[in-house]
Structures are given as C-alpha cells and as structure tokens.
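Shown here: work.cif, mmCIF, C-alpha atoms.
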```cif
data_data
#
loop_
_atom_site.label_atom_id
_atom_site.label_comp_id
_atom_site.auth_asym_id
_atom_site.auth_seq_id
_atom_site.Cartn_x
_atom_site.Cartn_y
_atom_site.Cartn_z
CA MET C 656 -0.76 35.89 62.95
CA VAL C 657 -3.74 34.31 61.29
CA GLN C 658 -3.54 36.92 58.57
CA GLU C 659 0.14 36.13 57.92
CA GLN C 660 -0.62 32.41 57.63
CA SER C 661 -3.50 33.02 55.26
CA GLU C 662 -1.35 35.30 53.12
CA GLY C 663 1.36 32.67 53.04
CA ASN C 664 -1.09 30.09 51.73
CA VAL C 665 -2.28 32.28 48.89
CA GLY C 666 -1.50 30.70 45.51
CA GLN C 667 -0.77 27.31 47.03
CA SER C 668 -2.98 24.35 46.14
CA PRO C 669 -4.62 22.66 49.14
CA ARG C 670 -2.93 19.50 50.33
CA PRO C 671 -4.96 16.28 50.05
CA LEU C 672 -6.35 14.86 53.27
CA VAL C 673 -5.03 11.37 52.46
CA GLU C 674 -1.97 10.68 50.31
CA LEU C 675 -2.12 7.30 48.59
CA PRO C 676 1.08 5.32 47.95
CA LYS C 677 2.38 5.48 44.40
CA SER C 678 1.77 1.76 43.87
CA VAL C 679 -1.89 2.17 44.81
CA GLY C 680 -2.25 5.16 42.50
CA ALA C 681 -0.68 3.23 39.65
CA ALA C 682 -2.98 0.27 40.26
CA ILE C 683 -6.03 2.55 40.24
CA MET C 684 -4.83 4.10 36.97
CA VAL C 685 -4.41 0.68 35.35
CA ILE C 686 -7.87 -0.39 36.51
CA ALA C 687 -9.38 2.81 35.15
CA VAL C 688 -7.72 2.34 31.75
CA VAL C 689 -8.86 -1.29 31.53
CA ALA C 690 -12.40 -0.27 32.50
CA LEU C 691 -12.39 2.50 29.89
CA PHE C 692 -11.32 0.25 27.03
CA SER C 693 -13.71 -2.45 28.17
CA ALA C 694 -16.56 0.04 27.98
CA LEU C 695 -15.42 1.23 24.55
CA TYR C 696 -15.32 -2.37 23.35
CA LEU C 697 -18.63 -3.50 24.78
CA ALA C 698 -20.49 -0.33 23.77
CA ARG C 699 -18.73 0.19 20.44
CA ALA C 700 -22.06 0.66 18.65
CA LEU C 701 -22.49 3.82 20.73
CA PHE C 702 -18.96 5.15 21.07
CA LEU C 703 -17.62 4.45 17.57
CA PRO C 704 -19.95 6.91 15.75
CA ILE C 705 -19.22 9.52 18.44
CA PHE C 706 -15.45 9.20 17.99
CA LEU C 707 -15.78 9.24 14.21
CA ALA C 708 -17.98 12.33 14.35
CA ILE C 709 -15.52 14.14 16.63
CA ILE C 710 -12.57 13.35 14.34
CA LEU C 711 -14.54 14.33 11.23
CA SER C 712 -15.71 17.59 12.79
CA LEU C 713 -12.18 18.44 13.92
CA THR C 714 -11.02 17.88 10.35
CA LEU C 715 -13.68 20.08 8.76
CA GLN C 716 -14.01 22.74 11.47
CA PRO C 717 -11.15 24.98 10.19
CA ILE C 718 -12.86 25.04 6.77
CA VAL C 719 -16.17 26.00 8.35
CA ARG C 720 -14.55 28.69 10.49
CA THR C 721 -12.61 30.16 7.56
CA LEU C 722 -15.69 30.42 5.33
CA SER C 723 -17.79 31.75 8.22
CA ARG C 724 -15.43 34.69 8.58
CA ARG C 725 -16.22 35.58 4.98
CA GLY C 726 -19.91 35.91 5.70
CA LEU C 727 -21.30 32.44 4.98
CA PRO C 728 -23.52 30.87 7.66
CA ALA C 729 -21.83 28.06 9.59
CA GLY C 730 -24.93 25.87 9.33
CA PHE C 731 -25.08 26.20 5.56
CA ILE C 732 -21.37 25.38 5.20
CA SER C 733 -21.73 22.37 7.50
CA ILE C 734 -24.68 20.99 5.56
CA LEU C 735 -22.85 21.50 2.27
CA LEU C 736 -19.71 19.72 3.46
CA ILE C 737 -21.64 16.78 4.91
CA LEU C 738 -23.71 16.45 1.73
CA LEU C 739 -20.55 16.48 -0.41
CA LEU C 740 -18.98 13.84 1.82
CA ALA C 741 -22.12 11.68 1.78
CA SER C 742 -22.35 11.97 -2.02
CA GLY C 743 -18.72 10.91 -2.36
CA LEU C 744 -19.29 7.89 -0.14
CA LEU C 745 -22.39 6.94 -2.12
CA VAL C 746 -20.53 7.17 -5.43
CA VAL C 747 -17.67 5.06 -4.08
CA ALA C 748 -20.02 2.45 -2.63
CA THR C 749 -21.97 2.25 -5.89
CA GLY C 750 -18.82 1.90 -7.96
CA LEU C 751 -17.40 -0.80 -5.72
CA SER C 752 -20.53 -2.88 -5.23
CA GLN C 753 -20.28 -4.78 -8.52
CA PRO C 754 -16.54 -5.66 -8.50
CA VAL C 755 -16.58 -6.56 -4.80
CA GLN C 756 -19.62 -8.79 -5.29
CA GLN C 757 -17.95 -10.44 -8.26
CA TRP C 758 -14.79 -11.21 -6.29
CA ILE C 759 -16.90 -12.64 -3.45
CA ASP C 760 -18.85 -14.85 -5.85
CA ASP C 761 -15.61 -16.05 -7.44
CA ALA C 762 -13.95 -16.82 -4.11
CA PRO C 763 -14.12 -20.64 -4.54
CA ARG C 764 -12.68 -20.42 -8.07
CA ILE C 765 -10.00 -17.99 -6.89
CA ALA C 766 -8.98 -20.34 -4.09
CA PHE C 767 -8.83 -23.29 -6.51
CA ILE C 768 -6.71 -21.41 -9.06
CA ALA C 769 -4.37 -20.05 -6.41
CA LYS C 770 -3.95 -23.56 -5.04
CA GLN C 771 -3.05 -24.84 -8.50
CA ARG C 772 -0.61 -22.02 -9.21
CA LEU C 773 1.19 -22.56 -5.94
CA GLY C 774 1.12 -26.33 -6.22
CA ASP C 775 4.61 -26.63 -7.67
CA LEU C 776 6.07 -24.45 -4.94
CA THR C 777 4.34 -26.27 -2.09
CA GLN C 778 4.20 -29.81 -3.46
CA PRO C 779 6.01 -31.51 -0.54
CA MET C 780 3.81 -29.86 2.08
CA GLU C 781 0.73 -30.49 -0.06
CA ALA C 782 1.37 -34.24 -0.04
CA ILE C 783 1.51 -34.25 3.75
CA ARG C 784 -1.67 -32.17 3.98
CA GLN C 785 -3.55 -34.46 1.60
CA ALA C 786 -2.55 -37.49 3.67
CA GLU C 787 -3.88 -35.77 6.77
CA GLU C 788 -7.14 -34.96 4.99
CA GLN C 789 -7.56 -38.59 3.93
CA VAL C 790 -7.11 -39.75 7.52
CA GLN C 791 -9.60 -37.12 8.68
CA ALA C 792 -12.07 -38.14 5.97
CA ILE C 793 -12.01 -41.75 7.22
CA ALA C 794 -12.78 -40.59 10.76
CA ASP C 795 -15.61 -38.23 9.75
CA SER C 796 -18.85 -39.26 8.10
CA PRO C 797 -19.87 -37.53 4.83
CA ASP C 798 -23.27 -36.51 6.17
CA SER C 799 -21.88 -34.62 9.14
CA THR C 800 -19.35 -32.86 6.90
CA ALA C 801 -22.03 -31.70 4.48
CA ALA C 802 -24.20 -30.44 7.30
CA GLU C 803 -21.29 -28.48 8.75
CA VAL C 804 -20.61 -26.75 5.42
CA VAL C 805 -24.24 -25.65 5.11
CA VAL C 806 -24.28 -24.19 8.61
CA ARG C 807 -21.06 -22.27 8.07
CA GLN C 808 -22.23 -20.84 4.76
CA GLY C 809 -25.46 -19.62 6.29
CA GLY C 810 -23.61 -18.10 9.22
CA PHE C 811 -21.23 -16.29 6.92
CA MET C 812 -24.02 -14.79 4.83
CA SER C 813 -25.90 -13.75 7.95
CA ARG C 814 -22.82 -12.08 9.43
CA THR C 815 -22.13 -10.31 6.14
CA ALA C 816 -25.65 -8.88 6.01
CA ASP C 817 -25.41 -7.78 9.63
CA ASP C 818 -22.04 -6.10 8.96
CA VAL C 819 -23.42 -4.17 5.98
CA VAL C 820 -26.38 -2.91 8.02
CA SER C 821 -24.11 -2.01 10.95
CA ILE C 822 -21.66 -0.10 8.73
CA ALA C 823 -24.50 1.81 7.05
CA ALA C 824 -26.01 2.74 10.41
CA THR C 825 -22.62 3.85 11.75
CA ILE C 826 -22.03 6.07 8.71
CA LEU C 827 -25.46 7.70 8.98
CA ILE C 828 -25.09 8.38 12.71
CA THR C 829 -21.56 9.71 12.20
CA LEU C 830 -22.64 12.14 9.47
CA ALA C 831 -25.61 13.36 11.52
CA LEU C 832 -23.50 13.92 14.64
CA SER C 833 -20.79 15.64 12.60
CA LEU C 834 -23.35 18.02 11.13
CA PHE C 835 -24.58 19.10 14.58
CA ILE C 836 -21.05 19.42 15.97
CA LEU C 837 -19.88 21.54 13.03
CA ALA C 838 -22.92 23.80 13.14
CA HIS C 839 -22.75 24.39 16.91
CA SER C 840 -19.07 23.89 17.77
CA ASP C 841 -18.36 27.56 18.53
CA THR C 842 -21.27 27.68 20.97
CA PHE C 843 -20.08 24.48 22.60
CA TYR C 844 -16.53 25.83 22.98
CA GLU C 845 -17.79 29.08 24.48
CA LYS C 846 -20.01 27.32 27.02
CA LEU C 847 -17.24 24.94 28.02
CA ILE C 848 -14.65 27.71 28.41
CA LYS C 849 -17.04 29.88 30.43
CA SER C 850 -17.70 26.98 32.79
CA LEU C 851 -14.02 26.81 33.80
CA PRO C 852 -13.29 28.76 37.00
CA ARG C 853 -9.84 30.24 36.40
CA LEU C 854 -8.53 32.38 33.58
CA SER C 855 -5.48 30.14 33.15
CA ASP C 856 -7.76 27.14 32.66
CA LYS C 857 -9.80 29.04 30.08
CA LYS C 858 -6.65 29.96 28.12
CA ARG C 859 -5.32 26.40 28.30
CA ALA C 860 -8.63 24.92 27.13
CA PHE C 861 -8.79 27.37 24.23
CA ARG C 862 -5.24 26.51 23.16
CA ILE C 863 -6.03 22.79 23.36
CA PHE C 864 -9.12 23.21 21.17
CA ILE C 865 -7.35 25.29 18.56
CA ASP C 866 -4.19 23.17 18.44
CA THR C 867 -6.21 19.94 18.25
CA GLU C 868 -8.32 21.27 15.39
CA ARG C 869 -5.32 22.58 13.49
CA THR C 870 -3.19 19.47 13.96
CA VAL C 871 -5.88 16.88 13.26
CA SER C 872 -7.26 18.82 10.29
CA ARG C 873 -3.83 19.32 8.78
CA TYR C 874 -2.90 15.68 9.24
CA LEU C 875 -6.12 14.13 7.91
CA LEU C 876 -6.59 16.50 4.98
CA THR C 877 -2.94 16.09 3.97
CA ILE C 878 -3.03 12.32 4.37
CA ALA C 879 -6.31 12.17 2.45
CA ALA C 880 -4.72 14.08 -0.45
CA ILE C 881 -1.64 11.84 -0.35
CA ASN C 882 -3.73 8.67 -0.23
CA LEU C 883 -5.88 9.92 -3.10
CA THR C 884 -2.73 10.44 -5.13
CA LEU C 885 -1.47 7.00 -4.17
CA GLY C 886 -4.81 5.42 -5.08
CA LEU C 887 -4.82 7.11 -8.49
CA ALA C 888 -1.24 5.99 -9.12
CA VAL C 889 -1.96 2.39 -8.06
CA GLY C 890 -5.13 2.28 -10.17
CA ALA C 891 -3.31 3.65 -13.21
CA VAL C 892 -0.42 1.18 -12.86
CA MET C 893 -2.78 -1.75 -12.34
CA ALA C 894 -4.71 -0.71 -15.48
CA LEU C 895 -1.48 -0.44 -17.51
CA LEU C 896 -0.39 -3.90 -16.35
CA GLY C 897 -3.78 -5.39 -17.23
CA LEU C 898 -5.08 -6.29 -13.76
CA PRO C 899 -8.91 -6.37 -13.73
CA ASP C 900 -10.86 -3.81 -11.68
CA PRO C 901 -8.08 -1.19 -11.35
CA PHE C 902 -10.55 1.21 -9.66
CA LEU C 903 -11.04 -1.33 -6.88
CA TRP C 904 -7.30 -1.74 -6.26
CA GLY C 905 -6.67 2.01 -6.37
CA LEU C 906 -9.41 2.72 -3.86
CA LEU C 907 -8.28 -0.16 -1.69
CA ALA C 908 -4.72 1.18 -1.68
CA GLY C 909 -5.89 4.67 -0.73
CA LEU C 910 -8.11 3.46 2.12
CA LEU C 911 -5.63 0.96 3.53
CA ASN C 912 -2.92 3.61 3.55
CA PHE C 913 -4.73 5.31 6.44
CA MET C 914 -3.60 2.26 8.43
CA PRO C 915 0.13 2.73 9.13
CA TYR C 916 2.46 -0.19 8.43
CA LEU C 917 -0.23 -2.87 8.27
CA GLY C 918 -2.26 -1.27 5.47
CA ALA C 919 0.49 -1.57 2.87
CA LEU C 920 1.04 -5.24 3.74
CA VAL C 921 -2.67 -6.05 3.47
CA GLY C 922 -2.97 -4.29 0.12
CA LEU C 923 0.15 -6.02 -1.15
CA SER C 924 -1.33 -9.41 -0.21
CA PHE C 925 -4.59 -8.67 -2.03
CA VAL C 926 -2.99 -7.56 -5.30
CA SER C 927 -0.56 -10.49 -5.16
CA VAL C 928 -3.43 -12.99 -5.03
CA ALA C 929 -5.30 -11.13 -7.77
CA ALA C 930 -2.24 -11.14 -10.03
CA LEU C 931 -1.53 -14.79 -9.32
CA ILE C 932 -4.97 -15.94 -10.50
CA THR C 933 -5.16 -13.48 -13.42
CA PHE C 934 -1.90 -14.01 -15.32
CA ASP C 935 -0.46 -17.29 -16.56
CA SER C 936 3.14 -16.18 -16.20
CA ILE C 937 4.30 -16.00 -12.60
CA GLY C 938 7.11 -13.69 -13.68
CA TYR C 939 4.64 -11.19 -15.17
CA ALA C 940 2.28 -11.62 -12.21
CA ALA C 941 5.15 -10.63 -9.92
CA LEU C 942 5.18 -7.18 -11.55
CA ILE C 943 1.88 -6.37 -9.83
CA PRO C 944 3.05 -6.68 -6.19
CA LEU C 945 6.45 -5.22 -7.09
CA SER C 946 4.77 -2.12 -8.56
CA TYR C 947 2.45 -1.83 -5.57
CA PHE C 948 5.39 -2.15 -3.18
CA ALA C 949 7.39 0.48 -5.09
CA LEU C 950 4.54 3.00 -5.01
CA THR C 951 3.79 2.53 -1.30
CA THR C 952 7.49 2.72 -0.44
CA LEU C 953 7.86 5.93 -2.42
CA GLU C 954 4.87 7.40 -0.61
CA GLY C 955 5.85 6.25 2.88
CA HIS C 956 9.55 7.09 2.82
CA PHE C 957 9.68 10.19 0.61
CA LEU C 958 6.35 11.84 -0.23
CA THR C 959 4.64 11.86 3.18
CA PRO C 960 7.74 12.89 5.24
CA ILE C 961 8.45 15.76 2.85
CA ILE C 962 4.88 17.09 2.87
CA LEU C 963 4.06 16.63 6.56
CA GLY C 964 7.48 17.69 7.75
CA ARG C 965 8.68 17.50 11.33
CA GLN C 966 5.65 18.83 13.16
CA LEU C 967 3.59 15.66 12.96
CA LYS C 968 6.34 13.17 13.65
CA LEU C 969 5.16 10.47 16.03
CA ASN C 970 6.94 7.61 17.76
CA ALA C 971 6.77 4.55 15.50
CA VAL C 972 6.28 2.26 18.51
CA ALA C 973 3.41 4.43 19.77
CA ILE C 974 1.79 4.38 16.32
CA LEU C 975 2.00 0.59 16.08
CA LEU C 976 0.65 0.14 19.60
CA SER C 977 -2.20 2.54 18.85
CA VAL C 978 -3.10 0.65 15.67
CA LEU C 979 -3.08 -2.69 17.49
CA ILE C 980 -5.07 -1.44 20.49
CA TRP C 981 -7.77 0.37 18.53
CA GLY C 982 -7.88 -2.47 16.02
CA PHE C 983 -8.64 -4.85 18.88
CA VAL C 984 -11.31 -2.51 20.27
CA TRP C 985 -13.05 -1.44 17.04
CA GLY C 986 -11.65 -3.62 14.25
CA ILE C 987 -10.57 -2.17 10.91
CA ILE C 988 -12.24 1.19 11.54
CA GLY C 989 -10.30 1.44 14.79
CA MET C 990 -7.06 0.86 12.89
CA LEU C 991 -7.97 3.59 10.39
CA ILE C 992 -8.58 6.22 13.09
CA ALA C 993 -5.77 5.10 15.43
CA VAL C 994 -3.35 7.84 14.35
CA PRO C 995 -5.87 10.73 14.62
CA ILE C 996 -6.76 9.55 18.13
CA LEU C 997 -3.05 9.39 18.96
CA ILE C 998 -2.59 12.95 17.69
CA ILE C 999 -5.46 14.20 19.88
CA VAL C 1000 -3.93 12.49 22.91
CA LYS C 1001 -0.51 13.98 22.17
CA VAL C 1002 -1.83 17.53 21.77
CA PHE C 1003 -3.68 17.21 25.08
CA CYS C 1004 -0.60 15.85 26.85
CA ASP C 1005 1.59 18.66 25.49
CA HIS C 1006 -0.67 21.24 27.18
CA VAL C 1007 -0.93 19.52 30.59
CA GLU C 1008 2.20 19.79 32.70
CA SER C 1009 1.80 16.45 34.48
CA LEU C 1010 1.26 14.61 31.15
CA LYS C 1011 4.14 16.16 29.21
CA PRO C 1012 6.46 13.15 29.76
CA PHE C 1013 3.88 10.90 28.07
CA GLY C 1014 3.53 13.44 25.25
CA GLU C 1015 7.30 13.36 24.84
CA PHE C 1016 7.16 9.56 24.55
CA LEU C 1017 4.62 9.90 21.74
CA SER C 1018 6.97 12.19 19.81
CA ALA C 1019 9.53 10.83 17.39
CA ALA C 1020 13.20 10.80 18.35
CA ASP C 1021 15.26 13.86 17.46
CA ARG C 1022 17.33 11.93 14.95
CA ASP C 1023 14.12 10.91 13.12
CA THR C 1024 13.06 14.51 12.52
CA ARG C 1025 16.18 15.67 10.71
#
```
Can you turn what I pasted into structure tokens?
Amino acid sequence: MVQEQSEGNVGQSPRPLVELPKSVGAAIMVIAVVALFSALYLARALFLPIFLAIILSLTLQPIVRTLSRRGLPAGFISILLILLLASGLLVVATGLSQPVQQWIDDAPRIAFIAKQRLGDLTQPMEAIRQAEEQVQAIADSPDSTAAEVVVRQGGFMSRTADDVVSIAATILITLALSLFILAHSDTFYEKLIKSLPRLSDKKRAFRIFIDTERTVSRYLLTIAAINLTLGLAVGAVMALLGLPDPFLWGLLAGLLNFMPYLGALVGLSFVSVAALITFDSIGYAALIPLSYFALTTLEGHFLTPIILGRQLKLNAVAILLSVLIWGFVWGIIGMLIAVPILIIVKVFCDHVESLKPFGEFLSAADRDTR
C-alpha cells in the first residue's frame, strides 16, 4: 500500500505546506518589485556598469564564439574587441569635445538669439512675462539676485565635472567587466548549467542563454548599423544645408536613435534650435528640422521594420514603459538600454511556462507583424 502511494506520487511536485491567498502573493510581488527598483536606483553606481557589461558581452559573445571555433583564443578576441570599442569611444569623445564645449560656452548667446528670433511669434506672452519680471524685480533686492546667480553657476559647473568623472568611471568599469565576461563566459555557463539538478533545467537554461545571446546581439548590432547609417545621413544633410558642426548632429542623431520614440523628438528639438540661431531666414531654418524629421521617419517606419523583420517586434506600450522606467532609474543611459533589457526579459519569459503570458504581453500584436 505504501509502495502504491509512493509510486503514485512519482513525478508530482510536492504541495506547499501553507498556501497563501492570491491577494497576499500579489502584494508580496509588488513589494519585491518596488524593493528591486529602489535598490537599482540607490546603488546605480554599482549596478549600472554591471548591466552595461552584461548587455555588451551578450552583444559581442557570438562574435567571440564564432572566431574561437576557427582557432583563435577567446581571450585574445575579447581583448581585441574591447580595445577597438575603447578606441572608437576615445575618437568620438575627442572629436566631440571641442564643438560641445563651444556650444556650452555660447549658451547665453544662443538663448538671447533664440529669444529674439521667437519674439515676433510670442510677443503677447512676452509682454505679460516682462510685466511679471518687473514686479518680481521690485520685490527682490539686486544683491540677493546676484548672489543667487553666482551660487547656481558654481553648482552647475561642479555637477558637470562630477558627471564627467562619473561617466568616465562607468565606461572604464563596464569595459573591464565586459572583457572578463567575454573571456570566461563559456566557463561560467558550464558551471551554472552543471549546478542545476535536473536535465530539463539544464536544457532550459542552455536554451535561454543561447536565445538571449542571439536575440540581443542581433538586435543591438543591427540597430547600431542602422543608427550609424542614420547618423551619416543626418550629418551629410546638415553639412549640405550649411548647419555648423554636422559631425556633432550626425553623432547625436545616431546615439539618440537608440532611445525609441523620445530620441527622435529630442534630436529634432536640438537641431531646430541650432537652425533657428544660425540662419536669418526662418523659412530656410525650417529645412533643418524638416530634413531631420524626414530621415528619422524613413528609418523608423521603413528601414528598421524591413531589416529587423517580425522576430524582434515588441509591444509599443511595453517599449515606452520600459524607456520611462529605466530612464527614471538610470537617466539617459537607462533609456538607451531599455529595449535590450526588455528583450532579455521577454526571452526569459518565453522559456518559463508560468511567465509566458507576460512574454506574450511584451510581443507586438499580430496585425503589427504583417
């Protein structure tokens, strides 16, 4: 009798001793998610380089694995790829330092010119604003105003210096971590798979690793090529139209295009202000944002869907939510890596039975993939 009962329980998962109500389980899940994002926000100096290194290593790992099969050492390939990437970043930073510094130094003049150019369009509102400023000037003393300006300027310069140092440190840590992950990823995968108890878990973990690598690498390398093409096109058009620093606007367009939806709007705003203060004719200045809008529309609605195809279609609402959430947690860098993180989450959900409904939510609608 005992033998029959034990045989009947074979293959069945043990029942939990205490079953929590669904409302309690949902509340615990919400608390866990809030605690996770709070930790990511508060300890972003630690977690941001780790996430960046994981995404970068997932992108480059198929290249390392392919060349390793042809006899090249994985460590040598990893070092070469990281050195090439670091050299590219150094060249870009060097090329951008002078034009960016010039635009920062000219910020007061740019604001004054833009105010003059828009004066005719906003004259009624400007009169009201000037009246408010005069009333405020009567209430405030000149000395306190001057002191406030000095404090704000110093604070801005201090924050800018701190941001530059923080970005440089993040890049260095990210590249170093990526190098170690690329050089030892196969060993890490083997150890992790061996630690799993069941053969089904080992197979599932292996499929998750391979699918995540393939999907993230395909997406980021393809998007990088598309954004490079977009940046070259924007830079060339800006040079033909006579906008100063076309290299800056091309690179800005390529980088911002990693940020879905919001990136194109930010880039459009920047080139619109630059055109407004550069050209005397507002009609000719309007050609700059119109050209930028045409190129980004062509890329977003035709080029990228054709190249990426149906496999990497994601829910537009999920993409926007991911950009907003990671932008709140990690700022602009979080917005840039929001889609790769979303892809990793989707691949994981597609391989776990209990999470497949959430993975289905992250997918685009059937009518969007035709």
Legend entry - Within 12 Å of C:Ala949 using only C-alpha atoms, minus same-chain residues under 6 positions, as a list in words: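 What passes the distance filter is Leu885, Ala888, Val889, Val892, Ala919, Leu923, Leu942, Ile943, Gly955, His956 and Phe957 of chain C.
Residues matched by the PyMOL selection byres ((chain C and resi 1018) around 9) in this structure: Leu967, Lys968, Leu969, Asn970, Ala971, Ala973, Lys1001, Phe1013, Gly1014, Glu1015, Phe1016, Leu1017, Ala1019, Ala1020 and Asp1021 of chain C.
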Legend entry - Separation of atom CA of C:Ile828 from atom CA of C:Ser840 in Å: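 It comes out at 17.4 Å.
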Inset, instruction - Considering only C-alpha atoms, state which residue in the set C:Leu707, C:Leu910, C:Leu744, C:Ala681 is at the smallest distance from C:Asn882. - result: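 The closest residue to C:Asn882 is C:Leu910.
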Inset, instruction - Go ahead and compute the interatomic distance for atom CA of C:Val719 and atom CA of C:Ile732, in Å to one decimal. - result: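 For atom CA of C:Val719 relative to atom CA of C:Ile732, the distance reads 6.1 Å.
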Got a sec to resolve the PyMOL selection byres ((chain C and resi 829-838) around 10) on this structure and send the residues as a JSON list (two decimals) with C-alpha atoms, in the frame of the given file?
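Contents of selection_38.json, freshly written:
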```json
[["chain", "number", "residue", "atom", "x", "y", "z"],
["C", 703, "LEU", "CA", -17.62, 4.45, 17.57],
["C", 704, "PRO", "CA", -19.95, 6.91, 15.75],
["C", 705, "ILE", "CA", -19.22, 9.52, 18.44],
["C", 706, "PHE", "CA", -15.45, 9.20, 17.99],
["C", 707, "LEU", "CA", -15.78, 9.24, 14.21],
["C", 708, "ALA", "CA", -17.98, 12.33, 14.35],
["C", 709, "ILE", "CA", -15.52, 14.14, 16.63],
["C", 710, "ILE", "CA", -12.57, 13.35, 14.34],
["C", 711, "LEU", "CA", -14.54, 14.33, 11.23],
["C", 712, "SER", "CA", -15.71, 17.59, 12.79],
["C", 713, "LEU", "CA", -12.18, 18.44, 13.92],
["C", 714, "THR", "CA", -11.02, 17.88, 10.35],
["C", 715, "LEU", "CA", -13.68, 20.08, 8.76],
["C", 716, "GLN", "CA", -14.01, 22.74, 11.47],
["C", 717, "PRO", "CA", -11.15, 24.98, 10.19],
["C", 719, "VAL", "CA", -16.17, 26.00, 8.35],
["C", 720, "ARG", "CA", -14.55, 28.69, 10.49],
["C", 728, "PRO", "CA", -23.52, 30.87, 7.66],
["C", 729, "ALA", "CA", -21.83, 28.06, 9.59],
["C", 730, "GLY", "CA", -24.93, 25.87, 9.33],
["C", 731, "PHE", "CA", -25.08, 26.20, 5.56],
["C", 732, "ILE", "CA", -21.37, 25.38, 5.20],
["C", 733, "SER", "CA", -21.73, 22.37, 7.50],
["C", 734, "ILE", "CA", -24.68, 20.99, 5.56],
["C", 735, "LEU", "CA", -22.85, 21.50, 2.27],
["C", 736, "LEU", "CA", -19.71, 19.72, 3.46],
["C", 737, "ILE", "CA", -21.64, 16.78, 4.91],
["C", 738, "LEU", "CA", -23.71, 16.45, 1.73],
["C", 740, "LEU", "CA", -18.98, 13.84, 1.82],
["C", 741, "ALA", "CA", -22.12, 11.68, 1.78],
["C", 823, "ALA", "CA", -24.50, 1.81, 7.05],
["C", 824, "ALA", "CA", -26.01, 2.74, 10.41],
["C", 825, "THR", "CA", -22.62, 3.85, 11.75],
["C", 826, "ILE", "CA", -22.03, 6.07, 8.71],
["C", 827, "LEU", "CA", -25.46, 7.70, 8.98],
["C", 828, "ILE", "CA", -25.09, 8.38, 12.71],
["C", 839, "HIS", "CA", -22.75, 24.39, 16.91],
["C", 840, "SER", "CA", -19.07, 23.89, 17.77],
["C", 841, "ASP", "CA", -18.36, 27.56, 18.53],
["C", 842, "THR", "CA", -21.27, 27.68, 20.97],
["C", 843, "PHE", "CA", -20.08, 24.48, 22.60]]
```
Legend entry - Pick from C:Asp856, C:Ala993, C:Tyr696, C:Ser850 nearest to C:Leu976, counting only C-alpha atoms: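 Smallest separation from C:Leu976 among the options: C:Ala993.
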Inset, instruction - May I ask for the distance between atom CA of C:Lys858 and atom CA of C:Phe1003, given in Å to one decimal place? - result: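 Computing it gives 13.4 Å between the two atoms.
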Inset, instruction - Name all residues at most 9 Å from C:Pro944 (count only C-alpha atoms; drop same-chain ones fewer than 4 positions away) and give them as a list in words. - result: Leu923, Ser924, Phe925, Val926, Ser927, Ala930, Ala940, Phe948 and Ala949 of chain C
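Of the listed residues C:Leu895, C:Leu854, C:Leu903, C:Leu917, the one whose atoms come nearest to C:Thr951 is C:Leu917, with distances taken using only C-alpha atoms.
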Inset, instruction - Could you state which residues are captured by the PyMOL selection byres ((chain C and resi 692) around 12) in this file, as a ChimeraX atom specification? - result: /C:685-691,693-699,702,980-985
Give the padded box for stretch 736-750 of chain C as AutoDock Vina command-line options: axis-aligned, covering all atoms listed in the file, 3 Å on each side, centre and edge lengths in Å to one decimal.
```
--center_x -20.7 --center_y 10.8 --center_z -1.5 --size_x 12.0 --size_y 23.8 --size_z 18.9
```
Inset, instruction - Kindly indicate which residue among C:Pro915, C:Lys1011, C:Ser936, C:Ser752 lies nearest to C:Gly989, using only C-alpha atoms for the distances. - result: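 Looking only at the distances to C:Gly989, the closest residue turns out to be C:Pro915.
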Inset, instruction - Kindly extract all protein, DNA and RNA residues lying within 10 Å of the coordinates (-7.4, 22.9, 17.8) given in the file, considering only C-alpha atoms, and supply them as a ChimeraX atom specification. - result: /C:713-714,716-717,860-872,999,1002-1003
